[in-house]
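Coordinates from target_30.csv are shown below (CSV, C-alpha atoms and all ligand atoms).
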```csv
chain,number,residue,atom,x,y,z
A,1,MET,CA,-107.7,12.5,67.8
A,2,ILE,CA,-105.6,9.7,69.4
A,3,PRO,CA,-104.3,11.3,72.6
A,4,ILE,CA,-100.6,11.1,73.7
A,5,THR,CA,-101.7,9.6,76.9
A,6,ARG,CA,-104.8,8.6,78.9
A,7,PRO,CA,-104.9,7.6,82.6
A,8,VAL,CA,-106.5,4.3,83.4
A,9,LEU,CA,-109.1,5.1,86.0
A,10,GLY,CA,-112.1,3.0,86.9
A,11,LEU,CA,-114.4,1.4,89.5
A,12,ASP,CA,-111.6,0.7,92.0
A,13,GLU,CA,-110.5,4.3,92.1
A,14,LYS,CA,-114.2,5.4,92.4
A,15,ARG,CA,-114.9,3.0,95.2
A,16,LEU,CA,-111.8,4.0,97.3
A,17,VAL,CA,-112.5,7.7,96.8
A,18,ALA,CA,-116.1,7.2,97.8
A,19,GLU,CA,-114.9,5.5,101.0
A,20,VAL,CA,-112.7,8.6,101.8
A,21,ILE,CA,-115.7,10.9,101.2
A,22,ASP,CA,-117.9,8.8,103.5
A,23,SER,CA,-115.2,8.8,106.2
A,24,GLY,CA,-115.2,12.6,106.4
A,25,TRP,CA,-111.4,12.8,106.6
A,26,LEU,CA,-110.3,14.3,103.3
A,27,THR,CA,-106.8,15.7,103.9
A,28,GLN,CA,-103.6,13.8,104.7
A,29,GLY,CA,-104.7,11.0,107.0
A,30,PRO,CA,-105.0,7.2,107.1
A,31,ARG,CA,-105.2,6.7,103.3
A,32,VAL,CA,-102.0,8.7,102.8
A,33,ALA,CA,-100.3,6.6,105.4
A,34,GLU,CA,-101.5,3.4,103.7
A,35,PHE,CA,-100.4,4.7,100.3
A,36,GLU,CA,-96.9,5.5,101.7
A,37,LYS,CA,-96.6,2.0,103.2
A,38,ARG,CA,-97.6,0.3,99.9
A,39,PHE,CA,-95.4,2.6,97.8
A,40,ALA,CA,-92.3,1.9,100.0
A,41,GLU,CA,-92.9,-1.9,99.6
A,42,VAL,CA,-93.1,-1.5,95.8
A,43,CYS,CA,-89.9,0.5,95.8
A,44,GLY,CA,-88.1,-1.9,98.3
A,45,CYS,CA,-87.2,1.0,100.6
A,46,ARG,CA,-87.9,1.7,104.3
A,47,PHE,CA,-89.8,5.0,104.1
A,48,ALA,CA,-92.0,6.9,101.7
A,49,VAL,CA,-93.3,10.4,102.4
A,50,ALA,CA,-96.2,11.6,100.3
A,51,CYS,CA,-96.5,15.2,99.2
A,52,SER,CA,-98.4,17.4,96.7
A,53,ASN,CA,-96.3,16.7,93.6
A,54,CYS,CA,-92.8,15.8,92.5
A,55,THR,CA,-91.6,19.4,92.3
A,56,THR,CA,-92.3,19.8,96.0
A,57,ALA,CA,-90.8,16.4,96.6
A,58,LEU,CA,-87.5,17.5,95.0
A,59,HIS,CA,-87.6,20.8,96.8
A,60,MET,CA,-88.1,19.2,100.2
A,61,ALA,CA,-85.5,16.5,99.5
A,62,LEU,CA,-82.8,19.2,98.9
A,63,VAL,CA,-83.9,21.2,101.9
A,64,ALA,CA,-83.8,18.0,104.1
A,65,LEU,CA,-80.1,17.7,103.1
A,66,ASP,CA,-79.6,21.4,104.1
A,67,ILE,CA,-78.8,22.3,100.6
A,68,GLY,CA,-79.3,26.1,100.0
A,69,PRO,CA,-77.7,29.4,99.1
A,70,GLY,CA,-74.1,29.0,97.9
A,71,ASP,CA,-74.5,25.3,97.0
A,72,GLU,CA,-74.5,23.8,93.6
A,73,VAL,CA,-76.5,20.8,92.4
A,74,ILE,CA,-75.7,19.2,89.1
A,75,VAL,CA,-78.7,18.4,86.9
A,76,PRO,CA,-79.4,17.6,83.3
A,77,SER,CA,-80.8,20.6,81.3
A,78,MET,CA,-82.7,18.1,79.2
A,79,SER,CA,-85.5,17.4,81.7
A,80,PHE,CA,-88.9,18.9,82.6
A,81,ILE,CA,-88.0,22.3,84.0
A,82,ALA,CA,-89.2,21.3,87.5
A,83,THR,CA,-85.9,19.4,88.0
A,84,ALA,CA,-83.9,22.6,87.8
A,85,ASN,CA,-86.6,24.7,89.4
A,86,ALA,CA,-86.5,22.6,92.6
A,87,VAL,CA,-82.8,23.5,93.0
A,88,VAL,CA,-83.7,27.2,92.7
A,89,HIS,CA,-86.6,26.8,95.1
A,90,ALA,CA,-84.1,25.5,97.6
A,91,GLY,CA,-81.9,28.6,97.1
A,92,ALA,CA,-79.1,26.7,95.5
A,93,THR,CA,-77.8,26.9,91.9
A,94,PRO,CA,-78.5,24.3,89.2
A,95,ILE,CA,-75.4,23.4,87.2
A,96,PHE,CA,-76.4,22.0,83.8
A,97,ALA,CA,-74.5,19.1,82.4
A,98,GLU,CA,-74.8,17.1,79.1
A,99,VAL,CA,-76.9,14.0,78.6
A,100,ASP,CA,-76.1,10.7,76.9
A,101,PRO,CA,-77.8,11.2,73.5
A,102,ARG,CA,-78.9,7.6,73.4
A,103,THR,CA,-80.7,7.4,76.7
A,104,TYR,CA,-81.4,11.1,77.3
A,105,ASN,CA,-80.1,10.6,80.8
A,106,LEU,CA,-77.4,12.7,82.6
A,107,ASP,CA,-74.0,11.7,81.4
A,108,PRO,CA,-71.9,10.7,84.4
A,109,ASP,CA,-68.6,11.9,82.7
A,110,ALA,CA,-70.3,15.3,81.9
A,111,ALA,CA,-71.6,15.5,85.5
A,112,ALA,CA,-68.1,14.7,86.9
A,113,ALA,CA,-66.6,17.5,84.8
A,114,MET,CA,-69.0,20.0,86.5
A,115,ILE,CA,-68.1,19.1,90.1
A,116,SER,CA,-66.7,22.1,92.0
A,117,PRO,CA,-66.0,22.9,95.7
A,118,ARG,CA,-69.6,24.1,95.9
A,119,THR,CA,-71.2,21.0,94.6
A,120,ARG,CA,-73.4,19.3,97.2
A,121,ALA,CA,-75.5,16.9,95.1
A,122,ILE,CA,-76.1,15.3,91.8
A,123,MET,CA,-79.7,14.9,90.6
A,124,PRO,CA,-79.8,12.2,87.9
A,125,VAL,CA,-83.2,12.0,86.2
A,126,HIS,CA,-84.6,8.6,85.0
A,127,GLN,CA,-85.8,10.3,81.9
A,128,ILE,CA,-89.2,9.3,80.6
A,129,GLY,CA,-88.7,6.1,82.7
A,130,MET,CA,-85.3,5.1,81.3
A,131,PRO,CA,-83.1,4.1,84.3
A,132,ALA,CA,-80.0,6.2,84.7
A,133,ASP,CA,-76.6,4.7,85.2
A,134,MET,CA,-76.7,4.8,89.0
A,135,ASP,CA,-73.5,2.7,89.5
A,136,ARG,CA,-71.4,5.5,88.0
A,137,PHE,CA,-73.3,8.2,89.9
A,138,ARG,CA,-72.8,6.3,93.2
A,139,ALA,CA,-69.1,6.1,92.5
A,140,LEU,CA,-68.9,9.8,91.9
A,141,ALA,CA,-70.9,10.5,95.1
A,142,ASP,CA,-68.6,8.3,97.1
A,143,ARG,CA,-65.5,9.8,95.6
A,144,TYR,CA,-66.5,13.5,96.1
A,145,GLY,CA,-68.7,13.1,99.2
A,146,LEU,CA,-71.9,14.2,97.3
A,147,ALA,CA,-75.5,13.3,97.8
A,148,ILE,CA,-77.5,11.7,95.0
A,149,VAL,CA,-81.2,12.7,94.8
A,150,GLU,CA,-82.9,10.7,92.1
A,151,ASP,CA,-85.5,12.4,90.0
A,152,ALA,CA,-87.7,9.4,89.5
A,153,ALA,CA,-90.8,11.4,88.5
A,154,CYS,CA,-91.5,9.2,85.5
A,155,ALA,CA,-89.9,5.9,86.7
A,156,ILE,CA,-92.3,3.9,88.8
A,157,GLY,CA,-92.2,0.3,87.4
A,158,SER,CA,-88.8,0.8,85.7
A,159,LYS,CA,-86.2,-1.8,86.7
A,160,ARG,CA,-82.5,-2.2,86.6
A,161,ARG,CA,-81.1,-5.8,86.9
A,162,GLY,CA,-84.6,-6.9,87.8
A,163,LYS,CA,-85.1,-4.5,90.7
A,164,GLN,CA,-87.3,-1.4,90.9
A,165,ILE,CA,-85.1,1.7,90.6
A,166,GLY,CA,-85.0,4.4,93.2
A,167,THR,CA,-82.8,3.1,96.0
A,168,ASP,CA,-79.4,4.0,94.8
A,169,GLY,CA,-79.5,7.7,95.9
A,170,VAL,CA,-80.1,9.0,99.4
A,171,MET,CA,-83.6,9.9,98.3
A,172,ALA,CA,-85.8,9.4,95.2
A,173,CYS,CA,-88.7,11.6,94.2
A,174,TRP,CA,-91.8,10.5,92.3
A,175,SER,CA,-94.7,12.1,90.4
A,176,PHE,CA,-98.3,11.0,90.2
A,177,HIS,CA,-99.3,13.6,87.5
A,178,PRO,CA,-101.8,12.1,85.0
A,179,ARG,CA,-99.0,12.0,82.4
A,180,LYS,CA,-97.2,9.4,84.6
A,181,VAL,CA,-97.6,5.6,84.8
A,182,ILE,CA,-99.8,5.8,87.9
A,183,CYS,CA,-101.6,9.0,88.8
A,184,THR,CA,-103.5,10.7,91.6
A,185,GLY,CA,-104.5,13.8,89.7
A,186,GLU,CA,-101.5,15.7,91.3
A,187,GLY,CA,-99.2,14.0,93.8
A,188,GLY,CA,-95.7,13.2,94.7
A,189,MET,CA,-93.5,11.0,97.0
A,190,VAL,CA,-90.0,11.0,98.5
A,191,THR,CA,-88.6,7.6,99.3
A,192,THR,CA,-85.5,6.9,101.4
A,193,ASP,CA,-83.9,4.4,103.7
A,194,HIS,CA,-82.9,7.1,106.2
A,195,GLU,CA,-85.2,7.5,109.1
A,196,GLU,CA,-83.9,11.0,110.1
A,197,LEU,CA,-84.5,12.3,106.5
A,198,ALA,CA,-88.0,10.8,106.5
A,199,SER,CA,-88.8,12.5,109.8
A,200,ARG,CA,-87.5,15.8,108.5
A,201,LEU,CA,-89.6,15.5,105.3
A,202,ARG,CA,-92.7,14.8,107.4
A,203,LEU,CA,-92.1,18.0,109.2
A,204,LEU,CA,-91.3,20.1,106.1
A,205,ARG,CA,-94.4,19.0,104.2
A,206,GLN,CA,-96.7,20.1,107.1
A,207,HIS,CA,-95.5,23.6,108.1
A,208,GLY,CA,-92.8,22.1,110.4
A,209,MET,CA,-95.6,21.0,112.8
A,210,SER,CA,-94.4,18.7,115.6
A,211,VAL,CA,-97.6,16.6,115.7
A,212,PRO,CA,-99.4,15.2,112.6
A,213,ASP,CA,-103.1,16.2,112.1
A,214,THR,CA,-104.2,12.6,112.6
A,215,ALA,CA,-102.6,12.5,116.1
A,216,ARG,CA,-104.0,15.9,117.1
A,217,HIS,CA,-107.5,15.4,115.9
A,218,GLY,CA,-107.8,11.7,117.0
A,219,SER,CA,-106.6,12.4,120.6
A,220,GLN,CA,-108.9,12.4,123.6
A,221,LYS,CA,-106.3,14.6,125.4
A,222,LEU,CA,-105.3,18.1,124.7
A,223,VAL,CA,-102.4,18.1,122.2
A,224,ILE,CA,-100.6,21.4,121.5
A,225,GLU,CA,-98.3,21.3,118.6
A,226,ASN,CA,-95.0,23.2,118.1
A,227,TYR,CA,-93.6,24.5,114.8
A,228,LEU,CA,-90.0,23.3,114.7
A,229,GLU,CA,-89.0,25.0,111.5
A,230,VAL,CA,-90.4,26.9,108.6
A,231,GLY,CA,-92.1,24.4,106.4
A,232,TRP,CA,-94.8,24.4,103.7
A,233,ASN,CA,-98.2,23.0,103.0
A,234,TYR,CA,-97.0,20.2,100.6
A,235,ARG,CA,-99.6,17.7,101.8
A,236,MET,CA,-101.3,15.0,99.7
A,237,THR,CA,-105.0,14.5,100.4
A,238,ASP,CA,-106.6,11.2,101.4
A,239,LEU,CA,-108.7,11.5,98.2
A,240,GLN,CA,-105.5,11.5,96.1
A,241,ALA,CA,-104.0,8.6,98.1
A,242,ALA,CA,-107.2,6.6,97.6
A,243,VAL,CA,-106.7,6.9,93.8
A,244,GLY,CA,-103.0,6.1,94.3
A,245,LEU,CA,-103.8,2.9,96.2
A,246,ALA,CA,-106.0,1.7,93.4
A,247,GLN,CA,-103.5,2.7,90.8
A,248,LEU,CA,-100.6,1.0,92.6
A,249,ALA,CA,-102.5,-2.3,92.7
A,250,LYS,CA,-102.6,-2.1,88.8
A,251,LEU,CA,-98.9,-1.1,88.4
A,252,PRO,CA,-97.6,-4.5,87.1
A,253,GLU,CA,-100.4,-4.7,84.5
A,254,LEU,CA,-100.1,-1.1,83.5
A,255,VAL,CA,-96.3,-1.4,83.0
A,256,ALA,CA,-96.7,-4.8,81.1
A,257,GLN,CA,-99.1,-3.1,78.7
A,258,ARG,CA,-96.7,-0.2,78.1
A,259,ARG,CA,-93.8,-2.6,77.5
A,260,ARG,CA,-95.9,-4.7,75.0
A,261,LEU,CA,-96.9,-1.6,73.0
A,262,ALA,CA,-93.3,-0.2,73.0
A,263,ALA,CA,-92.0,-3.6,71.7
A,264,VAL,CA,-94.6,-3.4,68.8
A,265,TYR,CA,-93.5,0.2,68.0
A,266,SER,CA,-89.8,-0.7,68.1
A,267,ALA,CA,-90.2,-3.9,66.0
A,268,ARG,CA,-92.2,-2.0,63.4
A,269,LEU,CA,-90.2,1.2,63.3
A,270,GLN,CA,-86.8,-0.6,63.2
A,271,GLU,CA,-87.1,-0.5,59.4
A,272,HIS,CA,-88.1,3.2,59.2
A,273,PRO,CA,-85.7,5.2,57.0
A,274,TRP,CA,-85.7,8.4,59.1
A,275,LEU,CA,-86.9,7.5,62.6
A,276,ILE,CA,-84.9,5.7,65.3
A,277,PRO,CA,-86.7,3.8,68.1
A,278,PRO,CA,-85.5,4.2,71.7
A,279,PHE,CA,-82.2,2.7,72.7
A,280,VAL,CA,-82.6,0.4,75.7
A,281,PRO,CA,-79.4,-0.6,77.6
A,282,GLU,CA,-79.0,-4.3,78.3
A,283,ASP,CA,-79.5,-4.4,82.1
A,284,VAL,CA,-82.7,-2.2,82.3
A,285,GLU,CA,-86.4,-2.6,81.7
A,286,PRO,CA,-87.9,0.9,81.3
A,287,ASN,CA,-91.6,1.5,82.0
A,288,PHE,CA,-92.0,3.4,78.8
A,289,GLN,CA,-93.7,6.3,80.5
A,290,SER,CA,-93.3,7.9,77.1
A,291,TYR,CA,-92.1,6.6,73.7
A,292,ALA,CA,-89.5,8.9,72.1
A,293,LEU,CA,-88.3,8.6,68.5
A,294,GLN,CA,-85.1,10.3,67.2
A,295,VAL,CA,-85.1,11.9,63.8
A,296,ARG,CA,-82.1,10.7,61.7
A,297,PRO,CA,-79.7,13.4,60.4
A,298,GLY,CA,-80.5,14.3,56.8
A,299,CYS,CA,-84.2,13.6,57.2
A,300,PRO,CA,-86.2,15.4,54.5
A,301,LEU,CA,-88.7,16.6,57.0
A,302,THR,CA,-87.9,18.7,60.1
A,303,ARG,CA,-88.9,17.3,63.5
A,304,ASN,CA,-91.6,20.0,63.6
A,305,GLN,CA,-92.9,19.1,60.1
A,306,ILE,CA,-93.2,15.5,61.3
A,307,LEU,CA,-95.2,16.7,64.3
A,308,GLU,CA,-97.5,18.9,62.2
A,309,ARG,CA,-98.2,16.0,59.8
A,310,LEU,CA,-99.0,13.6,62.7
A,311,LEU,CA,-101.3,16.2,64.2
A,312,ALA,CA,-103.0,16.7,60.8
A,313,ALA,CA,-103.6,12.9,60.7
A,314,GLY,CA,-105.3,13.0,64.1
A,315,ILE,CA,-102.4,11.7,66.2
A,316,ALA,CA,-101.4,13.7,69.3
A,317,CYS,CA,-97.6,14.1,69.6
A,318,LYS,CA,-95.1,16.3,71.2
A,319,PRO,CA,-91.5,17.5,70.8
A,320,GLY,CA,-89.1,15.5,72.9
A,321,ILE,CA,-87.9,16.4,76.4
A,322,MET,CA,-87.3,20.2,76.8
A,323,THR,CA,-84.1,21.9,77.7
A,324,ALA,CA,-84.1,24.2,80.7
A,325,HIS,CA,-81.0,26.2,79.9
A,326,ARG,CA,-82.5,27.8,76.8
A,327,GLU,CA,-85.7,28.9,78.5
A,328,PRO,CA,-86.1,32.6,79.4
A,329,ALA,CA,-86.5,31.6,83.1
A,330,TYR,CA,-82.8,30.5,83.1
A,331,ARG,CA,-81.5,32.9,80.4
A,332,GLU,CA,-82.7,35.7,82.6
A,333,ARG,CA,-80.9,34.3,85.6
A,334,GLY,CA,-77.6,34.6,83.6
A,335,VAL,CA,-77.4,31.1,82.2
A,336,GLN,CA,-75.6,31.6,78.9
A,337,ILE,CA,-74.3,28.2,78.1
A,338,HIS,CA,-74.4,26.0,75.0
A,339,LEU,CA,-74.9,22.3,75.4
A,340,PRO,CA,-74.6,20.9,71.9
A,341,ILE,CA,-75.4,17.2,72.7
A,342,THR,CA,-78.5,18.2,74.8
A,343,GLU,CA,-79.7,20.7,72.2
A,344,GLN,CA,-79.3,18.2,69.3
A,345,ALA,CA,-81.1,15.4,71.3
A,346,ALA,CA,-83.9,17.7,72.3
A,347,ASP,CA,-84.4,19.2,68.9
A,348,SER,CA,-84.5,15.9,67.0
A,349,SER,CA,-86.8,13.9,69.2
A,350,LEU,CA,-90.5,13.5,69.4
A,351,LEU,CA,-93.0,11.6,71.6
A,352,ILE,CA,-95.8,9.6,70.1
A,353,PRO,CA,-98.9,8.1,71.8
A,354,LEU,CA,-98.3,5.2,74.2
A,355,TYR,CA,-100.7,4.3,77.0
A,356,PRO,CA,-102.5,1.1,78.2
A,357,GLY,CA,-105.7,1.2,76.3
A,358,LEU,CA,-104.2,2.3,73.0
A,359,THR,CA,-105.8,-0.3,70.7
A,360,ASP,CA,-103.9,-2.4,68.2
A,361,ALA,CA,-105.8,-0.7,65.4
A,362,GLU,CA,-104.8,2.7,66.7
A,363,GLN,CA,-101.2,1.7,67.0
A,364,GLU,CA,-101.2,0.2,63.5
A,365,TYR,CA,-102.6,3.5,62.2
A,366,ILE,CA,-99.9,5.5,64.0
A,367,VAL,CA,-97.1,3.2,62.6
A,368,GLN,CA,-98.6,3.4,59.1
A,369,THR,CA,-98.9,7.2,59.3
A,370,LEU,CA,-95.2,7.5,60.4
A,371,PHE,CA,-94.3,5.8,57.2
A,372,ALA,CA,-96.9,7.5,55.0
A,373,ILE,CA,-95.9,11.1,55.9
A,374,PHE,CA,-92.6,10.5,54.2
A,375,ALA,CA,-94.1,9.2,51.0
A,376,PRO,CA,-93.2,11.5,48.1
A,377,ILE,CA,-95.8,14.1,47.5
A,378,GLY,CA,-97.6,13.2,44.2
A,379,VAL,CA,-97.0,15.5,41.2
A,380,PRO,CA,-100.3,16.6,39.6
A,381,THR,CA,-100.6,15.4,36.0
A,401,LIG,C1,-88.4,14.6,85.2
A,401,LIG,C2,-89.4,15.3,86.0
A,401,LIG,N1,-89.2,15.9,87.2
A,401,LIG,C3,-90.1,16.5,87.9
A,401,LIG,C4,-91.4,16.6,87.4
A,401,LIG,C5,-92.4,17.4,88.2
A,401,LIG,O1,-93.5,16.6,88.6
A,401,LIG,P1,-94.8,17.2,89.1
A,401,LIG,O2,-95.6,17.6,88.0
A,401,LIG,O3,-95.5,16.1,89.9
A,401,LIG,O4,-94.5,18.3,90.0
A,401,LIG,C6,-91.7,16.1,86.1
A,401,LIG,C7,-93.1,16.2,85.6
A,401,LIG,O5,-93.3,16.1,84.4
A,401,LIG,C8,-90.7,15.4,85.4
A,401,LIG,O6,-91.0,14.9,84.2
```
Any chance you could give the structure as structure tokens?
Ligand SMILES: Cc1ncc(COP(=O)(O)O)c(C=O)c1O
Amino acid sequence: MIPITRPVLGLDEKRLVAEVIDSGWLTQGPRVAEFEKRFAEVCGCRFAVACSNCTTALHMALVALDIGPGDEVIVPSMSFIATANAVVHAGATPIFAEVDPRTYNLDPDAAAAMISPRTRAIMPVHQIGMPADMDRFRALADRYGLAIVEDAACAIGSKRRGKQIGTDGVMACWSFHPRKVICTGEGGMVTTDHEELASRLRLLRQHGMSVPDTARHGSQKLVIENYLEVGWNYRMTDLQAAVGLAQLAKLPELVAQRRRLAAVYSARLQEHPWLIPPFVPEDVEPNFQSYALQVRPGCPLTRNQILERLLAAGIACKPGIMTAHREPAYRERGVQIHLPITEQAADSSLLIPLYPGLTDAEQEYIVQTLFAIFAPIGVPT
């Protein structure tokens, strides 16, 4: 089976993890601080606050803005469910808006139409690494006095006008799950240029504790901490940060390989009668965290039949990005909306394997299979 993804982990990760084990300091400590510093440099922002995953990053980001019960946050339904869940975890209400069917990103006009007196923030998602149209979200934020929290879970290495995305909102949240471009097993980060938000995030991720563990345990003097507000244990470990540091050093190479593979797919599949390669707006360079194909209307096979035939040929594949508003979790919370563009985009898209290390021969086999599954079924003589 050709997997849909495979993290690139090797000797560098092993060496740095071994150093952490030898050091005896396993939880959030010096390696986390180093990973945060390097990550902020890569993003071109002032502060990075590591945490346990991107869901907790999004949750903390909203709480740091004092968003809670009675507030609304506009999100795309077409996203991994964690985007909407983070709003619920903060006690606020996610308001689902349509996406642009070409980029799968939140549509700024659709988001604008959902703004109400209760709206506090918009959470655009750079979906599967495709940069969202942040100029238009910024304009909306300025006009209506809203915060922009970027869900950049999949988007490290994605650029707009030559610059790493993630600095257009007040905060951006990142994931290091193995399905992402760099991974730490589980892991997340919030980046921001605002010092007071970074300080609040550092409190929230560690039970609201006034003194970090490193300062408490490293001190020769008695240090007694206070708990300034009710926070969580959303810490990253130094073991994870060690993996992250090794991964971050490889980021340019990992992204270059993904872009090269994506370019091969798009060139070869341009001629496909039923499958449409991803649309890439002019001013962006996505990291191709995933490679999504759209099934043309009138296609003789359903999207799920295509997936079944790929699986039968030994090629791992997945339906496109999910929709949150159709899941029982939200239906049961009273969400009874119909989002035709979102539903059509989600139901007619699929993800095929793309990861550094996918060989040319494997990619060729995938491309040929994508054509072959549409060949007419032979009639027995
Ligand atoms: C758009 C988006 N947001 C949030 C998340 C949640 O990330 P994590 O698994 O690190 O909590 C994901 C994970 O797939 C995602 O794709």
Compare A:Ala292, A:Leu201, A:Cys317, A:Ala263 by their minimum atom-to-atom distance to Asn233 in chain A, counting all atoms listed in the file, and give me the closest one.
A:Leu201
Would you mind listing what lies within 10 Å of Gln28 in chain A as a list in words, with only C-alpha atoms counted and same-chain residues fewer than 5 positions away left out?
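Once the nearby chain positions are removed, what remains is Ala33, Ala50, Cys51, Gln206, Pro212, Asp213, Thr214, Arg235, Met236, Thr237, Asp238, Leu239, Gln240 and Ala241 of chain A.
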Just to be explicit: take each residue in the selection above, keep C-alpha atoms, and write the result as a PDB file, in the frame of the given file.
```pdb
ATOM      1  CA  ALA A  33    -100.300   6.600 105.400  1.00  0.00           C
ATOM      2  CA  ALA A  50     -96.200  11.600 100.300  1.00  0.00           C
ATOM      3  CA  CYS A  51     -96.500  15.200  99.200  1.00  0.00           C
ATOM      4  CA  GLN A 206     -96.700  20.100 107.100  1.00  0.00           C
ATOM      5  CA  PRO A 212     -99.400  15.200 112.600  1.00  0.00           C
ATOM      6  CA  ASP A 213    -103.100  16.200 112.100  1.00  0.00           C
ATOM      7  CA  THR A 214    -104.200  12.600 112.600  1.00  0.00           C
ATOM      8  CA  ARG A 235     -99.600  17.700 101.800  1.00  0.00           C
ATOM      9  CA  MET A 236    -101.300  15.000  99.700  1.00  0.00           C
ATOM     10  CA  THR A 237    -105.000  14.500 100.400  1.00  0.00           C
ATOM     11  CA  ASP A 238    -106.600  11.200 101.400  1.00  0.00           C
ATOM     12  CA  LEU A 239    -108.700  11.500  98.200  1.00  0.00           C
ATOM     13  CA  GLN A 240    -105.500  11.500  96.100  1.00  0.00           C
ATOM     14  CA  ALA A 241    -104.000   8.600  98.100  1.00  0.00           C
TER      15      ALA A 241
END
```
Taking only C-alpha atoms and all ligand atoms and a cut-off of 7 Å, can you tell me which residues surround ligand LIG 401 (chain A), written as a VMD selection string?
chain A and resid 53 to 56 79 to 80 82 to 83 125 127 to 128 151 to 154 175 to 177 186 to 188
Best match for closeness to Val335 in chain A among A:Arg31, A:Ile67, A:Ile21, A:Ile95, counting all atoms listed in the file
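Smallest distance to Val335 in chain A is found for A:Ile95.
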Asp100 in chain A: which residues within 12 Å, counting all atoms listed in the file, same-chain residues fewer than 2 positions away excluded, as a ChimeraX atom specification?
/A:76-78,97-98,102-111,124-127,130,132-133,279,281,339-346
Can you patch up range 138-152 of chain A, filling it in to N, CA and C atoms, and show the result as a PDB file, in the frame of the given file?
```
ATOM      1  N   ARG A 138     -73.175   6.699  91.782  1.00  0.00           N
ATOM      2  CA  ARG A 138     -72.800   6.300  93.200  1.00  0.00           C
ATOM      3  C   ARG A 138     -71.308   6.435  93.360  1.00  0.00           C
ATOM      4  N   ALA A 139     -70.556   5.984  92.351  1.00  0.00           N
ATOM      5  CA  ALA A 139     -69.100   6.100  92.500  1.00  0.00           C
ATOM      6  C   ALA A 139     -68.653   7.515  92.585  1.00  0.00           C
ATOM      7  N   LEU A 140     -69.288   8.393  91.818  1.00  0.00           N
ATOM      8  CA  LEU A 140     -68.900   9.800  91.900  1.00  0.00           C
ATOM      9  C   LEU A 140     -69.288  10.381  93.276  1.00  0.00           C
ATOM     10  N   ALA A 141     -70.471   9.982  93.771  1.00  0.00           N
ATOM     11  CA  ALA A 141     -70.900  10.500  95.100  1.00  0.00           C
ATOM     12  C   ALA A 141     -69.947  10.058  96.160  1.00  0.00           C
ATOM     13  N   ASP A 142     -69.512   8.789  96.112  1.00  0.00           N
ATOM     14  CA  ASP A 142     -68.600   8.300  97.100  1.00  0.00           C
ATOM     15  C   ASP A 142     -67.243   9.028  97.027  1.00  0.00           C
ATOM     16  N   ARG A 143     -66.785   9.214  95.804  1.00  0.00           N
ATOM     17  CA  ARG A 143     -65.500   9.800  95.600  1.00  0.00           C
ATOM     18  C   ARG A 143     -65.411  11.271  96.081  1.00  0.00           C
ATOM     19  N   TYR A 144     -66.512  12.012  95.807  1.00  0.00           N
ATOM     20  CA  TYR A 144     -66.500  13.500  96.100  1.00  0.00           C
ATOM     21  C   TYR A 144     -67.341  13.821  97.316  1.00  0.00           C
ATOM     22  N   GLY A 145     -67.898  12.841  97.995  1.00  0.00           N
ATOM     23  CA  GLY A 145     -68.700  13.100  99.200  1.00  0.00           C
ATOM     24  C   GLY A 145     -69.989  13.904  98.833  1.00  0.00           C
ATOM     25  N   LEU A 146     -70.668  13.501  97.774  1.00  0.00           N
ATOM     26  CA  LEU A 146     -71.900  14.200  97.300  1.00  0.00           C
ATOM     27  C   LEU A 146     -73.116  13.365  97.634  1.00  0.00           C
ATOM     28  N   ALA A 147     -74.260  14.038  97.689  1.00  0.00           N
ATOM     29  CA  ALA A 147     -75.500  13.300  97.800  1.00  0.00           C
ATOM     30  C   ALA A 147     -76.096  13.061  96.427  1.00  0.00           C
ATOM     31  N   ILE A 148     -76.766  11.936  96.280  1.00  0.00           N
ATOM     32  CA  ILE A 148     -77.500  11.700  95.000  1.00  0.00           C
ATOM     33  C   ILE A 148     -78.985  11.737  95.356  1.00  0.00           C
ATOM     34  N   VAL A 149     -79.686  12.655  94.705  1.00  0.00           N
ATOM     35  CA  VAL A 149     -81.200  12.700  94.800  1.00  0.00           C
ATOM     36  C   VAL A 149     -81.671  12.291  93.425  1.00  0.00           C
ATOM     37  N   GLU A 150     -82.405  11.187  93.378  1.00  0.00           N
ATOM     38  CA  GLU A 150     -82.900  10.700  92.100  1.00  0.00           C
ATOM     39  C   GLU A 150     -84.211  11.369  91.723  1.00  0.00           C
ATOM     40  N   ASP A 151     -84.246  11.967  90.551  1.00  0.00           N
ATOM     41  CA  ASP A 151     -85.500  12.400  90.000  1.00  0.00           C
ATOM     42  C   ASP A 151     -86.150  11.272  89.285  1.00  0.00           C
ATOM     43  N   ALA A 152     -87.024  10.574  90.000  1.00  0.00           N
ATOM     44  CA  ALA A 152     -87.700   9.400  89.500  1.00  0.00           C
ATOM     45  C   ALA A 152     -89.132   9.686  89.119  1.00  0.00           C
TER      46      ALA A 152
END
```
